[in-house]
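Printed here is data.txt (compact mmCIF, C-alpha atoms):
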# COMPACT_ATOMS: atom_id res chain seq x y z
CA MET A 1 0.00 0.00 0.00
CA SER A 2 1.42 3.38 -0.99
CA LYS A 3 2.16 6.16 1.49
CA LYS A 4 -0.33 8.40 -0.31
CA LEU A 5 -3.11 5.83 0.10
CA ILE A 6 -2.30 5.32 3.78
CA ALA A 7 -2.36 9.08 4.33
CA PHE A 8 -5.69 9.30 2.52
CA LEU A 9 -7.25 6.55 4.64
CA LEU A 10 -6.02 8.11 7.86
CA ALA A 11 -7.49 11.43 6.80
CA LEU A 12 -10.95 9.97 6.30
CA PRO A 13 -13.41 11.03 9.00
CA ALA A 14 -14.32 8.40 11.56
CA SER A 15 -17.83 7.01 11.23
CA ALA A 16 -20.41 8.51 13.56
CA GLU A 17 -21.21 6.68 16.80
CA ILE A 18 -24.54 6.48 18.62
CA ILE A 19 -24.83 7.08 22.35
CA TYR A 20 -27.99 6.50 24.39
CA ALA A 21 -28.72 8.56 27.51
CA THR A 22 -31.57 8.19 30.00
CA SER A 23 -33.01 11.20 31.83
CA TYR A 24 -34.22 10.12 35.25
CA ASN A 25 -36.64 13.02 35.73
CA ASP A 26 -37.09 14.14 32.11
CA HIS A 27 -38.79 10.82 31.19
CA THR A 28 -36.75 10.27 28.03
CA VAL A 29 -34.26 8.01 26.32
CA THR A 30 -32.19 10.30 24.11
CA SER A 31 -30.20 9.09 21.12
CA LEU A 32 -27.08 11.15 20.40
CA LYS A 33 -24.77 11.04 17.39
CA LEU A 34 -21.05 11.48 18.09
CA ASP A 35 -19.27 12.66 14.94
CA GLY A 36 -15.78 13.96 15.66
CA SER A 37 -16.20 16.94 18.01
CA SER A 38 -19.96 17.10 17.48
CA LEU A 39 -22.52 15.45 19.76
CA THR A 40 -26.05 16.07 18.50
CA ARG A 41 -29.48 14.79 19.45
CA VAL A 42 -30.97 12.37 16.94
CA SER A 43 -34.20 11.42 18.66
CA GLN A 44 -36.00 11.08 21.98
CA ASN A 45 -38.28 8.28 23.15
CA LEU A 46 -40.83 8.47 25.98
CA ASP A 47 -41.75 4.78 26.18
CA CYS A 48 -39.48 3.91 29.11
CA GLY A 49 -41.89 5.41 31.63
CA SER A 50 -41.59 8.10 34.26
CA GLU A 51 -38.01 7.49 35.48
CA PRO A 52 -35.84 5.84 32.81
CA THR A 53 -32.53 4.77 34.30
CA TRP A 54 -30.43 1.70 33.44
CA LEU A 55 -29.72 0.56 29.87
CA THR A 56 -28.60 -2.89 28.72
CA LEU A 57 -27.67 -3.45 25.07
CA ASP A 58 -27.80 -6.70 23.11
CA LYS A 59 -25.78 -5.58 20.10
CA SER A 60 -26.03 -9.00 18.42
CA LYS A 61 -29.80 -8.60 18.13
CA SER A 62 -29.92 -4.79 17.88
CA VAL A 63 -32.06 -4.65 21.02
CA LEU A 64 -31.85 -2.16 23.89
CA TYR A 65 -33.50 -2.73 27.28
CA CYS A 66 -34.45 0.23 29.47
CA LEU A 67 -35.45 0.09 33.14
CA ASN A 68 -38.03 2.51 34.51
CA GLU A 69 -37.63 2.88 38.27
CA GLY A 70 -41.18 4.25 38.49
CA TRP A 71 -40.91 6.02 41.84
CA GLY A 72 -43.93 8.14 40.95
CA GLY A 73 -46.02 5.33 39.51
CA SER A 74 -45.57 1.91 37.93
CA SER A 75 -42.16 0.44 37.08
CA SER A 76 -41.38 -1.32 33.83
CA ILE A 77 -38.90 -2.77 31.35
CA THR A 78 -39.01 -1.50 27.78
CA SER A 79 -37.38 -3.27 24.86
CA TYR A 80 -36.35 -1.31 21.77
CA ARG A 81 -35.12 -2.16 18.30
CA THR A 82 -32.04 -0.05 17.62
CA SER A 83 -31.01 1.33 14.24
CA ALA A 84 -27.94 2.76 12.57
CA SER A 85 -29.54 6.21 12.70
CA GLY A 86 -30.08 6.02 16.46
CA THR A 87 -33.87 6.01 16.26
CA LEU A 88 -35.51 3.54 18.65
CA GLU A 89 -38.53 1.40 17.83
CA THR A 90 -40.51 0.24 20.88
CA LEU A 91 -40.99 -3.54 20.91
CA ASP A 92 -42.58 -4.27 24.29
CA VAL A 93 -43.26 -2.72 27.70
CA LEU A 94 -43.61 -5.02 30.72
CA SER A 95 -44.76 -3.89 34.18
CA VAL A 96 -42.42 -5.09 36.96
CA LEU A 97 -41.81 -4.69 40.68
CA LYS A 98 -41.02 -1.15 41.78
CA SER A 99 -37.53 0.38 41.48
CA PRO A 100 -35.55 -1.79 39.04
CA VAL A 101 -32.13 -0.15 39.08
CA ALA A 102 -29.73 -2.38 37.11
CA SER A 103 -29.82 -5.35 34.77
CA THR A 104 -27.61 -7.80 32.92
CA LEU A 105 -28.14 -10.33 30.14
CA PHE A 106 -27.31 -14.01 30.61
CA ALA A 107 -28.01 -17.44 29.08
CA ASN A 108 -26.72 -16.40 25.67
CA ASN A 109 -28.64 -13.13 25.98
CA SER A 110 -31.98 -14.94 26.20
CA LYS A 111 -32.62 -13.84 29.79
CA LEU A 112 -32.37 -10.61 31.76
CA ALA A 113 -31.56 -10.37 35.48
CA VAL A 114 -32.75 -7.29 37.36
CA ALA A 115 -31.94 -5.81 40.79
CA HIS A 116 -34.72 -3.90 42.57
CA TYR A 117 -33.71 -1.34 45.16
CA ASP A 118 -36.87 -0.34 47.03
CA THR A 119 -38.69 -3.67 46.83
CA SER A 120 -35.62 -5.69 47.95
CA ALA A 121 -35.95 -8.12 45.06
CA PHE A 122 -34.01 -9.98 42.39
CA THR A 123 -35.96 -10.94 39.28
CA THR A 124 -35.27 -12.71 36.01
CA PHE A 125 -37.06 -12.37 32.68
CA SER A 126 -37.23 -14.16 29.38
CA VAL A 127 -36.09 -11.87 26.56
CA ALA A 128 -35.65 -14.59 23.94
CA ASP A 129 -38.42 -12.79 22.07
CA PRO A 130 -37.87 -9.07 22.77
CA THR A 131 -41.41 -8.35 21.54
CA ASN A 132 -42.84 -10.54 24.31
CA LEU A 133 -41.00 -10.06 27.62
CA SER A 134 -42.06 -12.33 30.49
CA LEU A 135 -41.22 -12.91 34.15
CA LEU A 136 -39.30 -16.10 34.98
CA GLY A 137 -38.48 -15.81 38.67
CA GLN A 138 -38.61 -13.49 41.66
CA GLN A 139 -36.79 -13.56 45.00
CA THR A 140 -37.49 -11.03 47.76
CA TYR A 141 -35.36 -10.43 50.85
CA GLN A 142 -35.85 -9.02 54.35
CA LEU A 143 -33.68 -7.79 57.23
CA THR A 144 -34.24 -8.88 60.81
CA ALA A 145 -32.98 -5.49 62.00
CA PRO A 146 -31.67 -2.25 60.46
CA GLY A 147 -28.02 -2.14 59.47
CA THR A 148 -25.12 -0.01 60.68
CA VAL A 149 -26.47 3.02 58.79
CA PRO A 150 -30.17 2.62 59.68
CA GLU A 151 -31.45 5.52 57.59
CA ARG A 152 -30.05 3.82 54.46
CA GLN A 153 -30.04 0.21 55.63
CA ASP A 154 -33.62 -0.20 56.83
CA ALA A 155 -34.17 -3.03 54.33
CA PRO A 156 -32.23 -4.96 51.69
CA HIS A 157 -31.54 -2.63 48.76
CA LEU A 158 -30.25 -4.58 45.74
CA HIS A 159 -28.39 -2.15 43.51
CA ASP A 160 -26.64 -3.91 40.62
CA ALA A 161 -26.56 -7.14 38.64
CA ILE A 162 -23.48 -8.31 36.76
CA LEU A 163 -22.57 -11.55 35.00
CA ASP A 164 -19.24 -13.04 36.02
CA PRO A 165 -16.49 -13.92 33.48
CA SER A 166 -17.47 -17.61 33.47
CA LYS A 167 -21.05 -16.61 32.59
CA LYS A 168 -22.28 -19.05 35.24
CA PHE A 169 -22.91 -16.65 38.12
CA ILE A 170 -24.60 -13.29 38.64
CA LEU A 171 -23.47 -10.99 41.43
CA VAL A 172 -25.90 -8.56 43.06
CA PRO A 173 -24.57 -6.04 45.61
CA ASP A 174 -27.08 -5.35 48.39
CA LEU A 175 -26.49 -1.87 49.80
CA GLY A 176 -28.98 -2.37 52.64
CA ALA A 177 -27.73 -5.75 53.85
CA ASP A 178 -23.96 -5.20 53.38
CA LEU A 179 -23.80 -8.28 51.18
CA ILE A 180 -22.95 -9.20 47.61
CA ARG A 181 -25.46 -11.89 46.70
CA VAL A 182 -24.32 -14.63 44.30
CA PHE A 183 -26.71 -16.50 42.00
CA GLN A 184 -25.92 -19.48 39.79
CA VAL A 185 -27.42 -19.40 36.31
CA ASP A 186 -28.13 -22.33 34.06
CA ASP A 187 -29.08 -21.89 30.42
CA GLY A 188 -31.79 -24.50 30.82
CA ALA A 189 -33.15 -23.42 34.20
CA ALA A 190 -36.20 -21.18 34.47
CA ALA A 191 -34.52 -18.80 36.92
CA ALA A 192 -31.31 -18.12 38.83
CA THR A 193 -30.49 -19.91 42.09
CA ALA A 194 -29.02 -18.17 45.13
CA VAL A 195 -25.87 -20.09 46.10
CA THR A 196 -23.88 -17.87 48.47
CA SER A 197 -23.29 -14.29 49.58
CA ILE A 198 -20.17 -12.24 50.23
CA PRO A 199 -20.23 -10.28 53.51
CA THR A 200 -18.89 -6.73 53.18
CA ILE A 201 -17.69 -4.36 55.88
CA ALA A 202 -20.57 -3.23 58.10
CA GLY A 203 -21.95 0.10 56.95
CA SER A 204 -20.09 0.08 53.63
CA GLY A 205 -23.20 -0.27 51.47
CA PRO A 206 -21.97 -2.02 48.28
CA ARG A 207 -23.50 -0.27 45.25
CA HIS A 208 -21.91 -1.55 42.03
CA VAL A 209 -19.32 -4.23 41.26
CA ALA A 210 -16.98 -5.06 38.37
CA PHE A 211 -14.68 -7.96 37.43
CA ALA A 212 -11.13 -7.81 36.08
CA LYS A 213 -9.39 -10.75 34.43
CA ALA A 214 -5.58 -10.90 34.63
CA GLY A 215 -4.33 -13.99 32.85
CA ARG A 216 -5.68 -16.92 34.84
CA LYS A 217 -6.50 -14.71 37.81
CA THR A 218 -9.85 -13.03 38.45
CA PHE A 219 -10.49 -10.06 40.72
CA LEU A 220 -13.71 -8.44 41.87
CA TYR A 221 -14.05 -4.78 42.83
CA SER A 222 -16.97 -3.42 44.84
CA PHE A 223 -17.69 0.31 44.93
CA ASN A 224 -19.33 1.05 48.27
CA GLU A 225 -21.75 3.98 48.44
CA LEU A 226 -22.03 4.53 52.19
CA SER A 227 -18.31 4.32 53.03
CA ASN A 228 -17.03 5.75 49.71
CA THR A 229 -14.52 2.93 49.41
CA ILE A 230 -13.41 0.33 46.89
CA SER A 231 -13.10 -3.25 48.13
CA GLY A 232 -10.97 -5.72 46.19
CA TYR A 233 -11.44 -9.50 46.19
CA SER A 234 -9.64 -12.44 44.65
CA VAL A 235 -11.94 -14.93 42.96
CA THR A 236 -11.23 -18.65 43.00
CA TYR A 237 -13.41 -20.90 40.88
CA LYS A 238 -14.27 -24.36 42.17
CA ARG A 239 -15.61 -27.30 40.22
CA ASP A 240 -19.41 -27.56 40.59
CA THR A 241 -19.59 -25.04 43.45
CA ALA A 242 -19.81 -21.29 43.87
CA PRO A 243 -16.57 -19.31 43.54
CA GLU A 244 -14.64 -18.33 46.66
CA PHE A 245 -14.17 -14.60 47.27
CA THR A 246 -11.31 -13.44 49.49
CA ARG A 247 -11.21 -9.77 50.46
CA LEU A 248 -7.80 -8.28 49.69
CA PHE A 249 -8.14 -4.61 50.59
CA ASP A 250 -10.40 -1.61 51.14
CA VAL A 251 -9.26 1.83 49.94
CA PRO A 252 -10.94 5.25 49.85
CA SER A 253 -12.53 6.18 46.53
CA GLY A 254 -9.78 8.74 45.90
CA GLY A 255 -6.94 6.36 46.76
CA PRO A 256 -5.04 5.56 49.97
CA GLY A 257 -4.89 8.38 52.49
CA THR A 258 -7.62 10.47 50.86
CA THR A 259 -10.90 11.71 52.29
CA VAL A 260 -14.08 13.03 50.69
CA PRO A 261 -16.42 15.82 51.83
CA ALA A 262 -19.54 14.98 53.81
CA GLY A 263 -22.40 14.13 51.51
CA THR A 264 -20.24 12.41 48.89
CA LYS A 265 -21.75 9.24 47.43
CA ALA A 266 -20.03 6.58 45.36
CA ALA A 267 -21.70 6.16 41.96
CA GLU A 268 -20.31 4.03 39.12
CA ILE A 269 -17.41 1.61 38.63
CA GLU A 270 -16.05 0.29 35.33
CA VAL A 271 -13.11 -1.90 34.36
CA SER A 272 -11.39 -0.95 31.10
CA PRO A 273 -11.80 -3.33 28.14
CA ASP A 274 -8.17 -4.44 28.46
CA GLN A 275 -8.76 -5.28 32.16
CA ARG A 276 -5.85 -3.06 33.26
CA PHE A 277 -7.67 -0.12 34.86
CA VAL A 278 -10.55 0.60 37.22
CA ILE A 279 -12.49 3.88 36.99
CA VAL A 280 -14.98 5.15 39.57
CA SER A 281 -17.20 8.23 39.83
CA SER A 282 -18.41 10.12 42.89
CA ARG A 283 -21.45 12.35 43.40
CA GLY A 284 -21.74 15.36 45.66
CA GLU A 285 -18.00 15.96 45.92
CA SER A 286 -17.69 18.99 43.59
CA SER A 287 -13.95 19.02 44.25
CA LEU A 288 -12.74 20.24 40.86
CA ASP A 289 -13.06 23.50 38.94
CA ILE A 290 -13.21 23.16 35.15
CA PRO A 291 -13.81 25.58 32.26
CA ALA A 292 -17.51 26.20 31.73
CA PHE A 293 -18.88 24.64 28.55
CA ASP A 294 -20.41 27.94 27.48
CA GLY A 295 -16.98 29.60 27.72
CA GLU A 296 -17.95 31.80 30.67
CA GLY A 297 -15.68 31.23 33.68
CA THR A 298 -15.55 27.91 35.52
CA ILE A 299 -17.97 25.37 36.94
CA LYS A 300 -17.75 22.70 39.63
CA SER A 301 -17.18 19.08 38.70
CA ASP A 302 -17.24 15.81 40.57
CA PRO A 303 -14.24 13.55 39.93
CA LEU A 304 -13.51 10.38 38.04
CA GLN A 305 -10.77 8.38 39.75
CA VAL A 306 -8.53 6.12 37.66
CA PHE A 307 -6.61 3.18 39.14
CA ALA A 308 -4.18 0.70 37.58
CA VAL A 309 -4.78 -2.98 38.36
CA ASN A 310 -1.76 -4.98 39.52
CA GLN A 311 -2.01 -8.02 37.25
CA GLN A 312 -0.49 -10.31 39.88
CA THR A 313 -2.14 -9.20 43.11
CA GLY A 314 -5.20 -7.22 42.05
CA ALA A 315 -4.03 -4.23 44.08
CA LEU A 316 -5.03 -0.78 42.82
CA THR A 317 -2.60 2.09 42.24
CA HIS A 318 -4.09 5.55 41.84
CA VAL A 319 -3.27 6.98 38.42
CA GLN A 320 -5.41 10.09 37.93
CA THR A 321 -8.11 12.34 39.33
CA ALA A 322 -10.00 13.65 36.31
CA PRO A 323 -13.14 15.79 35.96
CA ALA A 324 -16.40 14.03 35.18
CA GLY A 325 -17.59 17.08 33.23
CA GLY A 326 -19.90 18.45 35.90
CA ARG A 327 -21.98 17.41 38.88
CA ASN A 328 -23.52 14.06 39.74
CA PRO A 329 -21.92 11.59 37.29
CA ARG A 330 -24.41 8.92 38.26
CA GLY A 331 -23.37 6.73 35.35
CA PHE A 332 -20.63 6.52 32.72
CA SER A 333 -19.35 3.95 30.27
CA LEU A 334 -16.45 3.20 27.94
CA ASN A 335 -16.48 2.30 24.28
CA LYS A 336 -15.22 -1.17 23.43
CA ALA A 337 -11.85 0.11 22.23
CA GLY A 338 -11.39 1.94 25.53
CA THR A 339 -10.51 5.16 23.69
CA LYS A 340 -13.57 7.14 24.83
CA LEU A 341 -15.57 7.62 28.01
CA VAL A 342 -19.07 9.07 28.09
CA SER A 343 -20.24 10.68 31.33
CA ALA A 344 -23.85 11.46 32.29
CA LEU A 345 -24.13 14.55 34.53
CA GLN A 346 -27.54 14.44 36.16
CA ASP A 347 -27.34 17.77 38.00
CA ASP A 348 -25.98 19.72 35.02
CA ASN A 349 -28.19 18.37 32.19
CA ARG A 350 -25.11 17.34 30.23
CA VAL A 351 -23.48 14.40 28.48
CA VAL A 352 -19.71 14.69 27.99
CA VAL A 353 -17.40 12.48 25.92
CA TYR A 354 -13.71 12.35 26.93
CA GLU A 355 -10.79 10.90 25.04
CA ARG A 356 -8.85 8.19 26.86
CA ASP A 357 -5.28 6.91 26.51
CA VAL A 358 -5.48 3.11 26.55
CA ARG A 359 -1.77 2.80 27.41
CA THR A 360 -1.74 5.03 30.50
CA GLY A 361 -5.42 4.71 31.35
CA LYS A 362 -5.68 8.48 31.74
CA LEU A 363 -8.56 10.59 30.52
CA GLY A 364 -7.73 13.49 28.24
CA LYS A 365 -9.53 16.35 26.56
CA VAL A 366 -13.25 16.78 26.02
CA LEU A 367 -14.17 15.44 22.59
CA ALA A 368 -17.80 16.56 22.59
CA HIS A 369 -20.69 17.49 24.83
CA ALA A 370 -24.44 18.00 24.59
CA THR A 371 -27.33 19.22 26.71
CA VAL A 372 -29.74 16.47 27.74
CA GLY A 373 -32.73 17.20 29.95
CA SER A 374 -34.29 20.45 31.08
CA GLY A 375 -34.82 22.15 34.41
CA PRO A 376 -32.89 21.70 37.69
CA ASN A 377 -31.34 18.28 38.17
CA ASN A 378 -33.31 16.75 35.30
CA GLY A 379 -30.28 15.68 33.34
CA PRO A 380 -29.03 12.26 32.25
CA ASN A 381 -28.21 9.55 34.78
CA TYR A 382 -26.74 6.92 32.44
CA ALA A 383 -25.08 6.95 29.03
CA LEU A 384 -24.09 4.00 26.86
CA PHE A 385 -22.31 3.53 23.53
CA ASP A 386 -24.23 1.54 20.91
CA GLU A 387 -21.61 -1.11 20.26

Mind turning the file's structure into structure tokens?
Amino acid sequence: MSKKLIAFLLALPASAEIIYATSYNDHTVTSLKLDGSSLTRVSQNLDCGSEPTWLTLDKSKSVLYCLNEGWGGSSSITSYRTSASGTLETLDVLSVLKSPVASTLFANNSKLAVAHYDTSAFTTFSVADPTNLSLLGQQTYQLTAPGTVPERQDAPHLHDAILDPSKKFILVPDLGADLIRVFQVDDGAAAATAVTSIPTIAGSGPRHVAFAKAGRKTFLYSFNELSNTISGYSVTYKRDTAPEFTRLFDVPSGGPGTTVPAGTKAAEIEVSPDQRFVIVSSRGESSLDIPAFDGEGTIKSDPLQVFAVNQQTGALTHVQTAPAGGRNPRGFSLNKAGTKLVSALQDDNRVVVYERDVRTGKLGKVLAHATVGSGPNNGPNYALFDE
């Protein structure tokens, strides 16, 4: 290939990417087109109910699932057909128990597991036919007494659902019970089976979890909302039994020796596609000043904290404190290449896309941003690349 042809190909503009963002109080799922430094709204959909929140994408079937927490009314799951243009076609809407907050696909993407915060439940659904969603199983939990932080731990509050690397287990952190519940999943079984639970430090309130694979080793990281800490675990798989989880460490969300202001709440945790970095976001910290997006002065931003994963021990080394792009980064995600991060800023009605260096793990300049939502604190709470 000639140098001129290579130069020509490199000069071609990158194809546009689609990003979906839910607005918790604006009742919308917004489709955005990222084209270079431009992030523009393509469409909005109102079929995910009163409080759209978590998104789960089945790229192989071009289907997007949206959870409606439904605090002001009924809760639901909506399935959409995605398109190259970003427009969403509603396939089905299923009423579910109140406050579904996170979901994950399993059983070759034929089933969906859902964590419910307020109703203390774990549910599973058949999504083999996304035009006909149906309930498979439901498990509800209770506490015998309030937890260490009684105002937040008055009942079990399941807050996430994630499939493990073996695709045989689903982990569900329970903020109210200070547990990470473990369910075994079988492609042929109607529902998931509770097999064990991982006790966490009293009063820590595990919110979200993420796995990292390092060669033959597997590590689990729990981001704890009430203590604003990250807990690391080694994972040992056993034949025909649940994995063993051994707690390795607990560090503050900003790294060893750091503290956060009162009112700070842990939000999201992600492991980079290459399994070498952990990124977390915090809400209510407002510890950074960044240039305002309208060019007038500065604004406050909560941080994104970047850690490198020790591939032998699972230990985390703090790499960077970067701005999230504003206040209340309730959710963020990475593209599959790990070269971009999209941040949803609920309190600032903004979605921001940052560039990311896959070698160092550090976040760089703002690539694009867009306004999503209207009115005070009505902005996006989750954003996801369509890929």

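Going from atom CA of A:Pro380 to atom CA of A:Val93 covers 21.2 Å.
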
Selected residue, from A:Ser60, A:Glu270, A:Ala191, A:Leu163, that lies nearest to A:Leu136 when counting all atoms listed in the file:
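Of the candidates, the smallest distance to A:Leu136 is held by A:Ala191.
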
Mind checking which residues fall within 9 Å of A:Leu34, counting only C-alpha atoms, ignoring those fewer than 3 positions away in the same chain, and posting them as a ChimeraX atom specification?
/A:15-19,37-40,353,368

Using all atoms listed in the file: which of A:Leu341, A:Phe277, A:Asp348, A:Pro329 has the shortest distance to A:Thr317:
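Closest candidate: A:Phe277.
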
Restricting the calculation to all atoms listed in the file: of A:Phe106, A:Phe307, A:Tyr80, A:Phe122, which residue gets closest to A:Pro256?
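Answer, going by the shortest atom-to-atom distance: A:Phe307.
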
Within 7 Å of A:Ser74, counting all atoms listed in the file, which residues show up once you throw out same-chain ones fewer than 4 positions away? Write them as an MDAnalysis selection string, please.
chainID A and resid 70 95 98

Any idea what the distance is between atom CA of A:Ala145 and atom CA of A:Asp160?
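Atom-to-atom, atom CA of A:Ala145 to atom CA of A:Asp160, that is 22.4 Å.
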
A:Arg41, A:Lys336, A:Lys362, A:Arg350: which is nearest A:Gln320, counting only C-alpha atoms?
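Counting only C-alpha atoms, the residue closest to A:Gln320 is A:Lys362.
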
Any idea what's packed within 9 Å of A:Asp47, counting only C-alpha atoms, ignoring anything in its chain fewer than 4 positions away? Could you give it as a short mmCIF file (atom, residue, chain, number, x, y, z; two decimals) with C-alpha atoms, in the frame of the given file?
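To be explicit, this is the file written out as part_4.cif:
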data_model
loop_
_atom_site.label_atom_id
_atom_site.label_comp_id
_atom_site.auth_asym_id
_atom_site.auth_seq_id
_atom_site.Cartn_x
_atom_site.Cartn_y
_atom_site.Cartn_z
CA HIS A 27 -38.79 10.82 31.19
CA THR A 28 -36.75 10.27 28.03
CA VAL A 29 -34.26 8.01 26.32
CA PRO A 52 -35.84 5.84 32.81
CA THR A 78 -39.01 -1.50 27.78
CA THR A 90 -40.51 0.24 20.88
CA VAL A 93 -43.26 -2.72 27.70
#

Dump of stretch 265-288 of chain A from preceding block, N, CA and C atoms, as a PDB file, in the first residue's frame:
ATOM      1  N   LYS A 265     -21.202  10.575  47.624  1.00  0.00           N
ATOM      2  CA  LYS A 265     -21.751   9.237  47.432  1.00  0.00           C
ATOM      3  C   LYS A 265     -21.079   8.573  46.239  1.00  0.00           C
ATOM      4  N   ALA A 266     -20.581   7.357  46.454  1.00  0.00           N
ATOM      5  CA  ALA A 266     -20.033   6.576  45.355  1.00  0.00           C
ATOM      6  C   ALA A 266     -21.114   6.342  44.307  1.00  0.00           C
ATOM      7  N   ALA A 267     -20.718   6.309  43.037  1.00  0.00           N
ATOM      8  CA  ALA A 267     -21.697   6.159  41.956  1.00  0.00           C
ATOM      9  C   ALA A 267     -21.391   4.931  41.105  1.00  0.00           C
ATOM     10  N   GLU A 268     -20.538   5.078  40.102  1.00  0.00           N
ATOM     11  CA  GLU A 268     -20.314   4.025  39.115  1.00  0.00           C
ATOM     12  C   GLU A 268     -18.898   3.487  39.179  1.00  0.00           C
ATOM     13  N   ILE A 269     -18.726   2.234  38.774  1.00  0.00           N
ATOM     14  CA  ILE A 269     -17.412   1.608  38.633  1.00  0.00           C
ATOM     15  C   ILE A 269     -17.373   0.857  37.319  1.00  0.00           C
ATOM     16  N   GLU A 270     -16.259   0.997  36.594  1.00  0.00           N
ATOM     17  CA  GLU A 270     -16.050   0.288  35.329  1.00  0.00           C
ATOM     18  C   GLU A 270     -14.618  -0.216  35.274  1.00  0.00           C
ATOM     19  N   VAL A 271     -14.440  -1.372  34.664  1.00  0.00           N
ATOM     20  CA  VAL A 271     -13.112  -1.898  34.359  1.00  0.00           C
ATOM     21  C   VAL A 271     -12.882  -1.696  32.864  1.00  0.00           C
ATOM     22  N   SER A 272     -11.693  -1.228  32.506  1.00  0.00           N
ATOM     23  CA  SER A 272     -11.387  -0.954  31.097  1.00  0.00           C
ATOM     24  C   SER A 272     -11.438  -2.237  30.283  1.00  0.00           C
ATOM     25  N   PRO A 273     -11.702  -2.129  28.984  1.00  0.00           N
ATOM     26  CA  PRO A 273     -11.803  -3.334  28.144  1.00  0.00           C
ATOM     27  C   PRO A 273     -10.560  -4.221  28.189  1.00  0.00           C
ATOM     28  N   ASP A 274      -9.388  -3.631  28.389  1.00  0.00           N
ATOM     29  CA  ASP A 274      -8.168  -4.439  28.462  1.00  0.00           C
ATOM     30  C   ASP A 274      -7.908  -4.982  29.861  1.00  0.00           C
ATOM     31  N   GLN A 275      -8.824  -4.733  30.794  1.00  0.00           N
ATOM     32  CA  GLN A 275      -8.764  -5.278  32.161  1.00  0.00           C
ATOM     33  C   GLN A 275      -7.619  -4.698  33.000  1.00  0.00           C
ATOM     34  N   ARG A 276      -7.028  -3.591  32.576  1.00  0.00           N
ATOM     35  CA  ARG A 276      -5.851  -3.059  33.263  1.00  0.00           C
ATOM     36  C   ARG A 276      -6.151  -1.873  34.169  1.00  0.00           C
ATOM     37  N   PHE A 277      -7.349  -1.315  34.079  1.00  0.00           N
ATOM     38  CA  PHE A 277      -7.666  -0.120  34.859  1.00  0.00           C
ATOM     39  C   PHE A 277      -9.087  -0.195  35.422  1.00  0.00           C
ATOM     40  N   VAL A 278      -9.246   0.435  36.590  1.00  0.00           N
ATOM     41  CA  VAL A 278     -10.553   0.602  37.221  1.00  0.00           C
ATOM     42  C   VAL A 278     -10.848   2.093  37.289  1.00  0.00           C
ATOM     43  N   ILE A 279     -12.066   2.477  36.935  1.00  0.00           N
ATOM     44  CA  ILE A 279     -12.486   3.876  36.991  1.00  0.00           C
ATOM     45  C   ILE A 279     -13.741   3.959  37.842  1.00  0.00           C
ATOM     46  N   VAL A 280     -13.796   4.942  38.743  1.00  0.00           N
ATOM     47  CA  VAL A 280     -14.983   5.146  39.571  1.00  0.00           C
ATOM     48  C   VAL A 280     -15.396   6.612  39.519  1.00  0.00           C
ATOM     49  N   SER A 281     -16.686   6.858  39.768  1.00  0.00           N
ATOM     50  CA  SER A 281     -17.196   8.227  39.833  1.00  0.00           C
ATOM     51  C   SER A 281     -17.850   8.468  41.176  1.00  0.00           C
ATOM     52  N   SER A 282     -17.797   9.717  41.629  1.00  0.00           N
ATOM     53  CA  SER A 282     -18.415  10.117  42.890  1.00  0.00           C
ATOM     54  C   SER A 282     -19.390  11.246  42.653  1.00  0.00           C
ATOM     55  N   ARG A 283     -20.445  11.285  43.472  1.00  0.00           N
ATOM     56  CA  ARG A 283     -21.446  12.351  43.399  1.00  0.00           C
ATOM     57  C   ARG A 283     -21.362  13.210  44.660  1.00  0.00           C
ATOM     58  N   GLY A 284     -21.666  14.487  44.502  1.00  0.00           N
ATOM     59  CA  GLY A 284     -21.744  15.363  45.661  1.00  0.00           C
ATOM     60  C   GLY A 284     -20.415  15.847  46.175  1.00  0.00           C
ATOM     61  N   GLU A 285     -19.340  15.552  45.460  1.00  0.00           N
ATOM     62  CA  GLU A 285     -18.003  15.959  45.924  1.00  0.00           C
ATOM     63  C   GLU A 285     -17.647  17.359  45.436  1.00  0.00           C
ATOM     64  N   SER A 286     -17.932  17.658  44.174  1.00  0.00           N
ATOM     65  CA  SER A 286     -17.689  18.990  43.591  1.00  0.00           C
ATOM     66  C   SER A 286     -16.303  19.528  43.942  1.00  0.00           C
ATOM     67  N   SER A 287     -15.295  18.682  43.804  1.00  0.00           N
ATOM     68  CA  SER A 287     -13.948  19.020  44.254  1.00  0.00           C
ATOM     69  C   SER A 287     -13.071  19.663  43.183  1.00  0.00           C
ATOM     70  N   LEU A 288     -13.557  19.718  41.944  1.00  0.00           N
ATOM     71  CA  LEU A 288     -12.737  20.239  40.859  1.00  0.00           C
ATOM     72  C   LEU A 288     -13.409  21.442  40.193  1.00  0.00           C
TER      73      LEU A 288
END
